$ cat input23.txt   # compact mmCIF, C-alpha atoms and all ligand atoms
# COMPACT_ATOMS: atom_id res chain seq x y z
CA MET I 592 28.77 -4.12 34.16
CA THR I 593 28.01 -3.83 30.42
CA VAL I 594 25.33 -1.50 29.03
CA GLY I 595 23.20 -4.53 28.15
CA GLU I 596 23.40 -5.90 31.70
CA GLN I 597 22.52 -2.52 33.15
CA ASP I 598 19.45 -2.20 30.87
CA ARG I 599 18.39 -5.71 31.80
CA LEU I 600 18.54 -4.81 35.50
CA GLU I 601 16.48 -1.69 34.84
CA GLY I 602 13.80 -3.91 33.30
CA PRO I 603 10.91 -2.72 31.14
CA SER I 604 9.61 0.82 31.47
CA SER I 605 6.21 1.26 33.13
CA PRO I 606 2.94 1.35 31.17
CA THR I 607 2.45 4.82 29.71
CA PRO I 608 -0.90 6.71 29.67
CA GLU I 609 -1.27 5.72 25.99
CA ALA I 610 -0.83 2.06 26.98
CA VAL I 611 -3.44 2.35 29.74
CA GLU I 612 -5.91 3.80 27.21
CA LEU I 613 -5.16 1.38 24.35
CA PHE I 614 -5.05 -1.86 26.33
CA GLY I 615 -7.90 -1.15 28.75
CA ASP I 616 -8.90 -4.35 30.55
CA ALA I 617 -6.05 -6.21 28.82
CA LEU I 618 -3.39 -4.04 30.52
CA PRO I 619 -2.34 -6.79 33.01
CA ARG I 620 -1.72 -9.18 30.10
CA ALA I 621 0.14 -6.46 28.19
CA GLN I 622 2.31 -6.07 31.31
CA ARG I 623 2.90 -9.83 31.33
CA PHE I 624 3.95 -9.64 27.67
CA ALA I 625 6.36 -6.81 28.53
CA GLU I 626 7.83 -8.98 31.30
CA LEU I 627 8.18 -11.93 28.91
CA LEU I 628 10.00 -9.71 26.40
CA ALA I 629 12.26 -8.30 29.12
CA GLY I 630 13.07 -11.74 30.58
CA PRO I 631 13.06 -14.78 28.28
CA GLY I 632 12.65 -12.56 25.20
CA THR I 633 16.00 -10.85 25.67
CA GLU I 634 17.64 -14.13 26.74
CA GLN I 635 16.41 -15.78 23.53
CA GLY I 636 17.40 -12.75 21.43
CA VAL I 637 13.90 -11.93 20.11
CA ILE I 638 14.37 -8.33 21.33
CA GLY I 639 17.51 -6.38 22.22
CA PRO I 640 18.12 -5.39 25.88
CA ARG I 641 18.61 -1.76 24.81
CA GLU I 642 14.92 -1.68 23.84
CA LEU I 643 13.70 -2.40 27.39
CA PRO I 644 13.55 1.18 28.71
CA ARG I 645 11.35 2.16 25.72
CA LEU I 646 9.39 -1.06 25.52
CA TRP I 647 5.96 0.43 26.11
CA ASN I 648 5.67 3.35 23.70
CA ARG I 649 8.21 2.31 21.08
CA HIS I 650 7.00 -1.30 20.83
CA LEU I 651 3.70 -2.16 22.57
CA VAL I 652 1.83 1.12 22.04
CA ASN I 653 3.28 1.57 18.53
CA SER I 654 2.04 -1.95 17.70
CA ALA I 655 -1.43 -1.50 19.19
CA TRP I 656 -1.96 1.76 17.26
CA VAL I 657 -2.21 -0.28 14.03
CA GLY I 658 -5.64 -1.36 15.29
CA THR I 659 -6.96 2.14 14.54
CA VAL I 660 -6.94 1.33 10.79
CA ILE I 661 -8.46 -2.16 11.15
CA PRO I 662 -12.25 -2.68 10.89
CA GLN I 663 -14.26 -4.47 13.57
CA ASP I 664 -14.14 -8.31 13.51
CA ALA I 665 -11.54 -8.39 10.71
CA SER I 666 -9.25 -11.33 10.00
CA VAL I 667 -5.60 -10.27 10.24
CA VAL I 668 -2.31 -11.91 9.26
CA ASP I 669 0.76 -10.39 10.93
CA VAL I 670 3.61 -10.95 8.47
CA GLY I 671 7.07 -11.48 10.04
CA SER I 672 5.76 -11.32 13.59
CA GLY I 673 9.16 -12.06 15.20
CA ALA I 674 8.88 -11.16 18.87
CA GLY I 675 5.09 -10.82 18.38
CA LEU I 676 5.02 -7.24 17.13
CA PRO I 677 2.58 -5.89 16.20
CA GLY I 678 0.45 -9.08 16.42
CA ILE I 679 0.43 -9.72 20.19
CA PRO I 680 -0.32 -6.14 21.36
CA LEU I 681 -2.95 -5.95 18.59
CA ALA I 682 -4.60 -9.17 19.83
CA LEU I 683 -4.63 -7.77 23.39
CA ALA I 684 -6.05 -4.37 22.41
CA ARG I 685 -8.54 -5.75 19.84
CA PRO I 686 -10.04 -9.07 20.99
CA ASP I 687 -12.65 -8.82 18.20
CA LEU I 688 -9.98 -9.59 15.57
CA ARG I 689 -9.05 -13.07 14.28
CA ILE I 690 -5.27 -12.96 14.16
CA THR I 691 -2.66 -15.23 12.54
CA LEU I 692 1.01 -14.66 13.33
CA LEU I 693 3.22 -15.61 10.37
CA GLU I 694 6.92 -16.17 10.98
CA PRO I 695 9.51 -18.29 9.11
CA MET I 696 12.12 -18.83 11.88
CA ALA I 697 11.54 -21.94 14.02
CA ARG I 698 13.00 -20.35 17.16
CA ARG I 699 10.67 -17.35 16.87
CA VAL I 700 7.68 -19.58 16.07
CA ALA I 701 8.38 -21.48 19.32
CA TRP I 702 8.57 -18.15 21.18
CA LEU I 703 5.27 -16.97 19.68
CA GLU I 704 3.51 -20.24 20.57
CA GLU I 705 4.81 -19.94 24.16
CA VAL I 706 3.61 -16.32 24.44
CA VAL I 707 0.18 -17.12 22.99
CA ALA I 708 -0.25 -20.01 25.47
CA THR I 709 1.00 -17.98 28.45
CA LEU I 710 -1.30 -15.04 27.71
CA GLY I 711 -4.24 -17.30 26.88
CA LEU I 712 -4.77 -15.67 23.49
CA ASP I 713 -6.99 -17.11 20.76
CA VAL I 714 -4.36 -16.50 18.07
CA THR I 715 -3.00 -18.86 15.39
CA VAL I 716 0.74 -19.19 14.77
CA VAL I 717 1.92 -20.36 11.32
CA ARG I 718 5.50 -21.04 10.27
CA GLY I 719 6.27 -19.89 6.75
CA ARG I 720 7.54 -17.19 4.43
CA ALA I 721 4.86 -14.81 3.18
CA GLU I 722 5.78 -15.16 -0.50
CA GLU I 723 5.62 -18.97 -0.60
CA ARG I 724 2.70 -20.80 -2.19
CA GLU I 725 2.39 -23.22 0.77
CA THR I 726 2.01 -20.23 3.09
CA ARG I 727 -0.75 -18.77 0.92
CA ARG I 728 -2.50 -22.14 1.02
CA ALA I 729 -2.12 -22.41 4.81
CA VAL I 730 -3.11 -18.84 5.67
CA GLY I 731 -5.63 -18.06 2.91
CA GLU I 732 -6.83 -14.49 2.34
CA SER I 733 -7.32 -12.16 5.32
CA ASP I 734 -9.08 -8.81 5.49
CA VAL I 735 -5.85 -7.14 6.62
CA ALA I 736 -2.12 -7.92 6.64
CA THR I 737 0.01 -6.10 9.22
CA ALA I 738 3.79 -5.84 9.28
CA ARG I 739 6.54 -3.98 11.12
CA ALA I 740 10.24 -3.88 10.25
CA VAL I 741 10.00 -6.75 7.77
CA ALA I 742 10.96 -5.37 4.30
CA PRO I 743 10.94 -2.21 2.18
CA LEU I 744 7.36 -1.24 1.29
CA GLY I 745 7.36 -2.45 -2.33
CA ARG I 746 8.71 -5.89 -1.46
CA LEU I 747 6.43 -6.10 1.56
CA ALA I 748 3.40 -5.39 -0.65
CA ALA I 749 4.46 -8.07 -3.15
CA TRP I 750 4.72 -10.59 -0.29
CA SER I 751 1.65 -9.51 1.68
CA LEU I 752 -1.09 -8.38 -0.72
CA PRO I 753 -1.58 -11.96 -2.02
CA LEU I 754 -2.48 -12.83 1.61
CA VAL I 755 -5.19 -10.12 1.57
CA ARG I 756 -8.62 -10.45 -0.04
CA PRO I 757 -9.50 -8.03 -2.87
CA GLY I 758 -10.76 -4.89 -1.14
CA GLY I 759 -8.66 -5.62 1.95
CA THR I 760 -5.58 -3.74 3.12
CA LEU I 761 -1.93 -4.00 4.04
CA ALA I 762 -1.23 -1.90 7.17
CA ALA I 763 2.53 -1.44 7.47
CA LEU I 764 4.11 0.28 10.49
CA LYS I 765 6.88 2.48 9.14
CA GLY I 766 9.17 5.29 10.29
CA ALA I 767 9.01 9.00 9.52
CA SER I 768 10.15 8.32 5.96
CA ALA I 769 6.83 6.55 5.21
CA PRO I 770 5.61 9.14 2.61
CA ASP I 771 8.99 8.94 0.82
CA GLU I 772 8.80 5.14 0.79
CA VAL I 773 5.29 5.33 -0.73
CA ARG I 774 6.55 7.61 -3.52
CA ARG I 775 9.73 5.58 -4.09
CA ASP I 776 7.89 2.23 -4.35
CA ALA I 777 4.76 3.43 -6.22
CA VAL I 778 5.43 1.22 -9.27
CA GLU I 779 6.04 -1.88 -7.14
CA LEU I 780 2.91 -1.18 -5.10
CA ARG I 781 0.74 -1.10 -8.23
CA ALA I 782 2.42 -4.19 -9.68
CA ALA I 783 1.64 -6.00 -6.41
CA GLY I 784 -2.07 -5.17 -6.70
CA GLY I 785 -2.02 -2.05 -4.55
CA GLY I 786 -4.57 0.69 -5.22
CA ASP I 787 -5.10 3.75 -3.03
CA VAL I 788 -2.42 4.36 -0.42
CA GLU I 789 -2.76 6.46 2.75
CA VAL I 790 -0.23 7.34 5.43
CA VAL I 791 -1.95 7.59 8.82
CA THR I 792 0.08 9.32 11.53
CA THR I 793 -0.98 8.87 15.12
CA GLY I 794 0.44 9.21 18.65
CA ALA I 795 3.17 11.62 19.72
CA GLY I 796 6.73 11.61 21.06
CA ASP I 797 8.24 8.14 21.15
CA ALA I 798 4.74 6.72 20.52
CA LEU I 799 4.54 8.60 17.19
CA THR I 800 3.42 6.01 14.65
CA HIS I 801 3.20 6.09 10.85
CA ILE I 802 0.94 3.47 9.30
CA VAL I 803 1.04 2.98 5.53
CA VAL I 804 -2.35 1.60 4.45
CA VAL I 805 -2.30 0.01 0.99
CA HIS I 806 -5.71 -1.00 -0.37
CA ARG I 807 -5.73 -4.12 -2.51
CA THR I 808 -7.62 -3.54 -5.75
CA GLU I 809 -10.75 -5.55 -6.48
CA ARG I 810 -10.05 -8.27 -9.08
CA ARG I 811 -12.54 -6.88 -11.58
CA THR I 812 -11.56 -3.19 -11.38
CA ALA I 813 -8.64 -1.34 -12.92
CA ALA I 814 -5.47 -0.89 -10.84
CA GLY I 815 -5.68 2.12 -8.57
CA SER I 816 -9.45 2.04 -8.03
CA GLY I 817 -9.42 0.06 -4.77
CA PRO I 818 -12.19 0.70 -2.23
CA GLY I 819 -11.82 2.66 0.98
CA GLY I 820 -12.85 -0.22 3.28
CA GLY I 821 -14.08 0.17 6.87
CA ARG I 822 -11.90 2.29 9.19
CA ARG I 823 -11.73 3.16 12.84
CA GLY I 824 -9.03 5.76 12.43
CA ARG I 825 -8.34 8.68 14.71
CA GLY I 826 -5.03 9.68 13.18
CA ARG I 827 -3.99 12.24 10.59
CA LYS I 828 -4.15 11.14 6.95
CA ASP I 829 -2.06 11.87 3.86
CA ARG I 830 -3.32 10.40 0.63
CA SER I 831 -1.09 9.42 -2.29
CA SER I 832 -2.11 6.99 -5.00
C1 LIG K 1 13.36 -7.25 12.06
S1 LIG K 1 12.27 -8.54 12.43
C2 LIG K 1 10.82 -7.67 12.95
C3 LIG K 1 9.95 -8.52 13.83
C4 LIG K 1 8.69 -7.80 14.36
N1 LIG K 1 7.74 -7.56 13.29
C5 LIG K 1 9.05 -6.52 15.09
O1 LIG K 1 8.61 -5.45 14.67
O2 LIG K 1 9.77 -6.60 16.10
C6 LIG K 1 11.75 -9.16 10.83
C7 LIG K 1 10.98 -10.45 10.91
O3 LIG K 1 10.48 -10.78 9.62
C8 LIG K 1 10.66 -12.16 9.41
N2 LIG K 1 10.70 -12.39 7.96
C9 LIG K 1 11.76 -12.20 7.14
N3 LIG K 1 11.44 -12.54 5.88
C10 LIG K 1 10.15 -12.96 5.90
C11 LIG K 1 9.26 -13.46 4.90
N4 LIG K 1 9.65 -13.62 3.64
N5 LIG K 1 7.99 -13.78 5.28
C12 LIG K 1 7.60 -13.63 6.57
N6 LIG K 1 8.41 -13.18 7.54
C13 LIG K 1 9.67 -12.85 7.22
C14 LIG K 1 11.94 -12.48 10.14
O4 LIG K 1 12.09 -13.85 10.44
C15 LIG K 1 11.82 -11.61 11.39
O5 LIG K 1 11.17 -12.29 12.44

$ encode --input "input23.txt" --output "structure tokens"
Amino acid sequence: MTVGEQDRLEGPSSPTPEAVELFGDALPRAQRFAELLAGPGTEQGVIGPRELPRLWNRHLVNSAWVGTVIPQDASVVDVGSGAGLPGIPLALARPDLRITLLEPMARRVAWLEEVVATLGLDVTVVRGRAEERETRRAVGESDVATARAVAPLGRLAAWSLPLVRPGGTLAALKGASAPDEVRRDAVELRAAGGGDVEVVTTGAGDALTHIVVVHRTERRTAAGSGPGGGRRGRGRKDRSS
């Protein structure tokens, strides 16, 4: 038996206490999503079988944590949604949000549409690349863009901030090197219309999550003077702008 086959037989890990807290009433649908990832998701290659034992904290909880930096009733575009991360867990944990999943690959778009229908989510799926004009026309400007594992921060900001209204934010899920990435890409962030930048760290252990929040500057103000915007954070904050 190969390692992959063994992991597949083990199936997804069980919901963690963090998952129970974050998903609340939506926990059964989060469990269904975990099952979809573990079954058809691995068969279709949207997630690797080695990820199954750490599905909950590393993927679902990590994704849902991004909701802590998103204001109530916001419109959100999840750039490069892929398997549906962070967009699907975010939609389950935060039903007040209006979410669009943006993904260029046809196979993944079909997967996302199937997941949205199966879970009965009121979520829009759009096929396109973030940086393309047609995508900007189709998606418009959201309050918040989210992204995980899509591109280095500077490039991600150049692609995503045009999909965010002035005063809105890009919330990028990043690894422990998030503060270094903010420093490294500072020039690109400003050129992309980024103003204040915060790194919000939340969770612990394998649910430890670093969220880089880039505020888009208002059109009529100088670069770097972007507003704070509404927040529902409960994480630790580092500020660098
Ligand atoms: C490594 S996967 C990550 C998927 C998901 N966000 C996750 O965390 O599992 C990167 C995703 O970004 C998508 N992507 C790549 N370039 C993109 C672009 N220019 N605009 C939007 N999505 C893009 C890819 O098709 C892929 O689904």

$ residues_around --input "input23.txt" --residues "Gly673 of chain I" --least-positions-apart "5" --cutoff "9 Å" --atoms "only C-alpha atoms" --output "list in words"
Val637, Ile638, Leu692, Leu693, Glu694, Pro695, Met696, Arg699, Val700, Trp702 and Leu703 of chain I

$ residues_around --input "input23.txt" --residues "Pro753 of chain I" --least-positions-apart "6" --cutoff "9 Å" --atoms "all atoms listed in the file" --output "list in words"
Ala721, Glu722, Arg727, Gly731, Glu732, Ala783, Gly784 and Arg807 of chain I

$ closest_residue --input "input23.txt" --among "I:Pro644, I:Gly630, I:Gly719, I:Gly639" --to "ligand LIG 1 (chain K)" --atoms "only C-alpha atoms and all ligand atoms"
I:Gly719

$ atom_distance --input "input23.txt" --atom1 "atom C9 of ligand LIG 1 (chain K)" --atom2 "atom CA of Arg641 of chain I"
21.6 Å

$ residues_around --input "input23.txt" --residues "Ala738 of chain I" --least-positions-apart "4" --cutoff "8 Å" --atoms "only C-alpha atoms" --output "mmCIF file with C-alpha atoms, in the frame of the given file"
data_model
loop_
_atom_site.group_PDB
_atom_site.id
_atom_site.type_symbol
_atom_site.label_atom_id
_atom_site.label_comp_id
_atom_site.auth_asym_id
_atom_site.auth_seq_id
_atom_site.Cartn_x
_atom_site.Cartn_y
_atom_site.Cartn_z
ATOM 1 C CA ASP I 669 0.760 -10.390 10.930
ATOM 2 C CA VAL I 670 3.610 -10.950 8.470
ATOM 3 C CA GLY I 671 7.070 -11.480 10.040
ATOM 4 C CA SER I 672 5.760 -11.320 13.590
ATOM 5 C CA PRO I 677 2.580 -5.890 16.200
ATOM 6 C CA LEU I 761 -1.930 -4.000 4.040
ATOM 7 C CA ALA I 762 -1.230 -1.900 7.170
ATOM 8 C CA ALA I 763 2.530 -1.440 7.470
ATOM 9 C CA LEU I 764 4.110 0.280 10.490
#

$ closest_residue --input "input23.txt" --among "I:Val667, I:Ala708, I:Leu676, I:Val730" --to "Ile690 of chain I" --atoms "all atoms listed in the file"
I:Val667

$ closest_residue --input "input23.txt" --among "I:Leu799, I:Leu747, I:Val735, I:Ala629" --to "ligand LIG 1 (chain K)" --atoms "all atoms listed in the file"
I:Leu747

$ closest_residue --input "input23.txt" --among "I:Ile679, I:Val657, I:Val717, I:Leu710" --to "Ala729 of chain I" --atoms "only C-alpha atoms"
I:Val717

$ closest_residue --input "input23.txt" --among "I:Leu688, I:Leu683, I:Val716, I:Ala742" --to "ligand LIG 1 (chain K)" --atoms "all atoms listed in the file"
I:Ala742

$ atom_distance --input "input23.txt" --atom1 "atom CA of Ile661 of chain I" --atom2 "atom CA of Ala736 of chain I"
9.7 Å

$ atom_distance --input "input23.txt" --atom1 "atom CA of Gln622 of chain I" --atom2 "atom CA of Asp797 of chain I"
18.4 Å
